[in-house]
Amino acid sequence: MNNRGFLHIKKVWDGTKDGHISPETFIIRKSYKDYDYFTLTEKQLIKLCKDKGLDAEPGLMSNPQTEKEYNNAEKRSRLKDVYKEQSIEFEYIEEKLPTSGTSRLKKTESAIRDNLPRFEYFHADSPLSESDNTIQKYFRELAFKAISEDVDTSELENSVGGKLQMVLDKITDIINAVVPEKEKVKAKVTFDWTKLISTEFESAGDIGAVPLSSRGDGFRRITMMAYFEYVAEQNNEDHQNIIFGFEEPETFLHPSAQENLFDRLFDVCENDYQVIITTHSPVIVSKTQTTDIHHVYKENGLFMYLPYIDDIKSVAVDLGVTVDNQFVTLFEKAKCLLLLEGIDDCKAINHAVKLYKEKGLIKQDFSELSIISIPVGGCGSIKHWVSLDLLKTLDKPFFIFFDSDKSSPEMESPNAQKLASFGFTEGKDFYVCRKRELENYIIPEAICTIVPECKLSYSDYCDVKKICKNSQYAGKLGGKNIAEKHFCSLSFEDLKKAFDPNDNDDELVQLYNAVCATMNNET
């Protein structure tokens with residue numbers, strides 16, 4: 001630890017060297033100068049303990065009653081206590097960590113590396129193939145683990161190794177017969193089971209199997225993303241944490257595919273991994289929370305870096321994002337805008353309103369009232385809309401309806417708090433749903449009618465998307481996309497039970513009236 005009690009790691013790269021540059025790694029630690037014990041061998045530790053009047057011989061009991069030996073960790077701990085009592089001077093030094101050998105410093109380096117998150121970096125100019133070192137390393141480790149757990153390789157190694165050794169020994173004898181004594185060699189057989197297996201993907205179609213390396217860059221990039229997503233979803237407690245780094249992951253992807261890419265990256269984050277990306281994609285930036293955006297730009301020939309974004313306009317200008325006339329004219333005929341989080345929400349609310357009209361609970365649906373539903377992507381994107389004055393540019397009355405994201409009935413809605421901080425007033429400008437999110441309005445009774453074998457049960461504040469994603473019937477349920485797959489299949493009776501369970505305060509009617517009031521007040 002350094003003088004503040006933190007693990008302090010320093011890495012130094014020599015930029016004058018050509019080719020691949022590996023860093024030298026240092027740790028900052030306390031050193032007791034001439035009495036320092038950190039890197040000492042057991043023999044050296046015993047001598048230092050004796051010099052300080054401490055018993056430390058191997059096998060000597062620290063307490064005869066407990067029959068506990070003085071191991072090296074105990075020796076260092078006891079020396080530290082003595083140094084503190086005697087006020088032995090110390091200083092903080094930089095200690096270089098070796099990358100090879102068996103010293104205590106090397107063991108320290110290995111322990112630090114194993115406990116820190118692993119970094120998986122996805123280059124923009126990556127080879128993008130199943131032979132990529134990162135993927136092959138993963139599958140080789142998986143293969144080796146399977147072999148070591150399920151197969152006793154010792155007999156096979158002895159048999160194969162013996163036959164190889166016989167041949168190699170004869171070749172060795174021939175070599176040694178003609179080389180000087182100091183240059184003689186000996187043969188050695190080693191086994192690396194991980195190299196026995198290689199993996200590849202093929203695209204099966206009418207024209208025959210097509211190797212992944214022959215597919216388009218966009219398709220191959222999605223395949224690589226699938227690998228990272230799979231690794232992130234593994235809930236192995238022994239698995240090292242991972243930081244994913246992606247350099248311009250949107251390259252070669254259609255805007256709709258970029259939206260899908262963002263959702264997948266977000267899923268990786270929700271599995272408690274960290275994702276760092278560089279991007280020029282307006283699609284990705286617009287869907288990202290402002291607090292998660294870092295702006296790198298050029299000024300007077302120098303690269304500048306802003307870790308905190310107060311005004312998204314500068315980022316929008318850099319990305320070439322503008323609100324052009326074509327965008328505005330899409331909403332010229334709209335009398336009011338209903339801002340929802342996603343496309344699924346738009347489809348779901350319009351489906352529900354249509355059924356409510358058919359049953360006579362409301363007079364007109366949104367399309368008849370010229371109320372346009374727009375998916376805006378959540379609170380982070382709403383802040384972009386505010387910062388860029390998009391709502392003023394559209395010059396239309398609007399109402400916001402978002403998920404509450406509450407995990408319990410007594411919890412304050414994070415989305416309500418964020419919307420209020422942006423200057424919106426609850427009841428006047430926005431509502432958040434009473435339940436956790438849209439998916440909670442697909443009541444268990446309804447989904448069990450559609451997919452009887454799933455037998456799901458959940459409350460108003462459960463994470464339904466996660467439950468469906470982890471279900472053995474995820475395919476039929478739609479996984480996390482359950483709303484997209486099944487919401488518009490819900491009957492009026494299903495929706496009525498979801499929006500008005502006590503038959504005295506219908507949430508959908510409340511939303512409908514609020515939107516209509518907003519429109520009427522403005523017009």
# chains A, B, ... in the order shown; residues from 1 in each chain; ligands from 1
$ residues_around --residues "Thr290 (chain A)" --least-positions-apart "4" --cutoff "10 Å" --atoms "only C-alpha atoms" --output "list of chain:residue names"
A:Val285, A:Ser286, A:His294, A:Tyr308, A:Ile309, A:Asp310, A:Asp311, A:Ile312, A:Cys379, A:Gly380, A:Ser381, A:Ile382, A:Lys383, A:His384
$ atom_distance --atom1 "CA of Thr25 (chain A)" --atom2 "CA of Val268 (chain A)"
29.4 Å
$ closest_residue --among "A:Ser373, A:Ser367, A:Gln86, A:Asn271" --to "Ala348 (chain A)" --atoms "only C-alpha atoms"
A:Ser373
$ residues_around --residues "Asp169 (chain A)" --least-positions-apart "6" --cutoff "12 Å" --atoms "only C-alpha atoms" --output "list in words"
Gly161, Gly162, Lys163, Ile175, Asn176, Val185, Lys186, Ala187, Lys188 and Val189 of chain A
$ residues_around --residues "region 334-346 of chain A" --least-positions-apart "3" --cutoff "6 Å" --atoms "only C-alpha atoms" --output "number ranges by chain"
A: 331, 349, 370-378, 396-402, 484, 519
$ residues_around --residues "region 457-461 of chain A" --least-positions-apart "4" --cutoff "6 Å" --atoms "only C-alpha atoms" --output "PyMOL selection string"
chain A and resi 407-408+435-436+440+444
$ atom_distance --atom1 "CA of Asp81 (chain A)" --atom2 "CA of Asp114 (chain A)"
28.9 Å
$ residues_around --residues "Ser471 (chain A)" --least-positions-apart "6" --cutoff "12 Å" --atoms "only C-alpha atoms" --output "PyMOL selection string"
chain A and resi 451+453-457+464-465+477-480+482
$ select_by_dssp --residues "region 240-408 of chain A" --states "helix (DSSP H, G or I)" --output "ChimeraX atom specification"
/A:255-270,282-287,290-292,313-319,325-329,343-358,379-387,390-394
$ residues_around --residues "region 355-357 of chain A" --least-positions-apart "6" --cutoff "9 Å" --atoms "only C-alpha atoms" --output "PyMOL selection string"
chain A and resi 363-365+491-492+495-496+508-509
$ write_last_selection --atoms "all heavy atoms" --output "PDB file, in the first residue's frame"
ATOM      1  N   LYS A 363     -63.161   8.040 -25.937  1.00  0.00           N
ATOM      2  CA  LYS A 363     -63.909   8.329 -27.166  1.00  0.00           C
ATOM      3  C   LYS A 363     -63.064   8.164 -28.422  1.00  0.00           C
ATOM      4  O   LYS A 363     -63.555   7.718 -29.456  1.00  0.00           O
ATOM      5  CB  LYS A 363     -64.481   9.747 -27.098  1.00  0.00           C
ATOM      6  CG  LYS A 363     -65.555   9.915 -26.037  1.00  0.00           C
ATOM      7  CD  LYS A 363     -66.112  11.331 -26.045  1.00  0.00           C
ATOM      8  CE  LYS A 363     -67.211  11.490 -25.004  1.00  0.00           C
ATOM      9  NZ  LYS A 363     -67.760  12.881 -24.996  1.00  0.00           N
ATOM     10  N   GLN A 364     -61.817   8.567 -28.384  1.00  0.00           N
ATOM     11  CA  GLN A 364     -60.949   8.521 -29.557  1.00  0.00           C
ATOM     12  C   GLN A 364     -59.581   7.978 -29.177  1.00  0.00           C
ATOM     13  O   GLN A 364     -59.119   8.190 -28.047  1.00  0.00           O
ATOM     14  CB  GLN A 364     -60.782   9.933 -30.151  1.00  0.00           C
ATOM     15  CG  GLN A 364     -62.045  10.545 -30.724  1.00  0.00           C
ATOM     16  CD  GLN A 364     -61.818  11.974 -31.166  1.00  0.00           C
ATOM     17  OE1 GLN A 364     -61.659  12.866 -30.350  1.00  0.00           O
ATOM     18  NE2 GLN A 364     -61.785  12.183 -32.487  1.00  0.00           N
ATOM     19  N   ASP A 365     -58.946   7.282 -30.116  1.00  0.00           N
ATOM     20  CA  ASP A 365     -57.587   6.839 -29.837  1.00  0.00           C
ATOM     21  C   ASP A 365     -56.606   7.943 -30.220  1.00  0.00           C
ATOM     22  O   ASP A 365     -56.991   8.990 -30.749  1.00  0.00           O
ATOM     23  CB  ASP A 365     -57.264   5.512 -30.530  1.00  0.00           C
ATOM     24  CG  ASP A 365     -57.355   5.608 -32.051  1.00  0.00           C
ATOM     25  OD1 ASP A 365     -57.093   6.694 -32.601  1.00  0.00           O
ATOM     26  OD2 ASP A 365     -57.671   4.590 -32.696  1.00  0.00           O
ATOM     27  N   SER A 491     -55.307  -9.030 -24.299  1.00  0.00           N
ATOM     28  CA  SER A 491     -56.714  -8.671 -24.493  1.00  0.00           C
ATOM     29  C   SER A 491     -57.064  -7.454 -23.638  1.00  0.00           C
ATOM     30  O   SER A 491     -56.300  -7.042 -22.759  1.00  0.00           O
ATOM     31  CB  SER A 491     -57.611  -9.846 -24.102  1.00  0.00           C
ATOM     32  OG  SER A 491     -57.506 -10.072 -22.693  1.00  0.00           O
ATOM     33  N   PHE A 492     -58.240  -6.895 -23.889  1.00  0.00           N
ATOM     34  CA  PHE A 492     -58.712  -5.768 -23.066  1.00  0.00           C
ATOM     35  C   PHE A 492     -58.791  -6.186 -21.598  1.00  0.00           C
ATOM     36  O   PHE A 492     -58.418  -5.420 -20.704  1.00  0.00           O
ATOM     37  CB  PHE A 492     -60.083  -5.293 -23.552  1.00  0.00           C
ATOM     38  CG  PHE A 492     -60.740  -4.331 -22.595  1.00  0.00           C
ATOM     39  CD1 PHE A 492     -60.331  -3.006 -22.540  1.00  0.00           C
ATOM     40  CD2 PHE A 492     -61.754  -4.766 -21.732  1.00  0.00           C
ATOM     41  CE1 PHE A 492     -60.924  -2.118 -21.641  1.00  0.00           C
ATOM     42  CE2 PHE A 492     -62.343  -3.889 -20.842  1.00  0.00           C
ATOM     43  CZ  PHE A 492     -61.930  -2.561 -20.790  1.00  0.00           C
ATOM     44  N   LEU A 495     -55.410  -6.135 -20.026  1.00  0.00           N
ATOM     45  CA  LEU A 495     -54.932  -4.767 -19.816  1.00  0.00           C
ATOM     46  C   LEU A 495     -55.680  -4.076 -18.680  1.00  0.00           C
ATOM     47  O   LEU A 495     -55.093  -3.334 -17.889  1.00  0.00           O
ATOM     48  CB  LEU A 495     -55.080  -3.968 -21.111  1.00  0.00           C
ATOM     49  CG  LEU A 495     -54.176  -4.418 -22.273  1.00  0.00           C
ATOM     50  CD1 LEU A 495     -54.593  -3.723 -23.565  1.00  0.00           C
ATOM     51  CD2 LEU A 495     -52.715  -4.132 -21.960  1.00  0.00           C
ATOM     52  N   LYS A 496     -56.979  -4.332 -18.593  1.00  0.00           N
ATOM     53  CA  LYS A 496     -57.787  -3.711 -17.540  1.00  0.00           C
ATOM     54  C   LYS A 496     -57.299  -4.166 -16.162  1.00  0.00           C
ATOM     55  O   LYS A 496     -57.188  -3.359 -15.221  1.00  0.00           O
ATOM     56  CB  LYS A 496     -59.254  -4.081 -17.750  1.00  0.00           C
ATOM     57  CG  LYS A 496     -60.217  -3.438 -16.766  1.00  0.00           C
ATOM     58  CD  LYS A 496     -60.252  -1.933 -16.907  1.00  0.00           C
ATOM     59  CE  LYS A 496     -61.287  -1.315 -15.965  1.00  0.00           C
ATOM     60  NZ  LYS A 496     -61.234   0.170 -15.957  1.00  0.00           N
ATOM     61  N   LEU A 508     -54.253   3.870 -17.188  1.00  0.00           N
ATOM     62  CA  LEU A 508     -54.206   4.229 -18.605  1.00  0.00           C
ATOM     63  C   LEU A 508     -55.151   5.384 -18.906  1.00  0.00           C
ATOM     64  O   LEU A 508     -54.811   6.295 -19.674  1.00  0.00           O
ATOM     65  CB  LEU A 508     -54.549   3.020 -19.473  1.00  0.00           C
ATOM     66  CG  LEU A 508     -54.391   3.258 -20.976  1.00  0.00           C
ATOM     67  CD1 LEU A 508     -52.924   3.447 -21.342  1.00  0.00           C
ATOM     68  CD2 LEU A 508     -54.980   2.114 -21.787  1.00  0.00           C
ATOM     69  N   VAL A 509     -56.328   5.377 -18.295  1.00  0.00           N
ATOM     70  CA  VAL A 509     -57.279   6.484 -18.478  1.00  0.00           C
ATOM     71  C   VAL A 509     -56.686   7.773 -17.920  1.00  0.00           C
ATOM     72  O   VAL A 509     -56.828   8.856 -18.512  1.00  0.00           O
ATOM     73  CB  VAL A 509     -58.630   6.167 -17.811  1.00  0.00           C
ATOM     74  CG1 VAL A 509     -59.548   7.393 -17.845  1.00  0.00           C
ATOM     75  CG2 VAL A 509     -59.302   4.986 -18.501  1.00  0.00           C
TER      76      VAL A 509
END
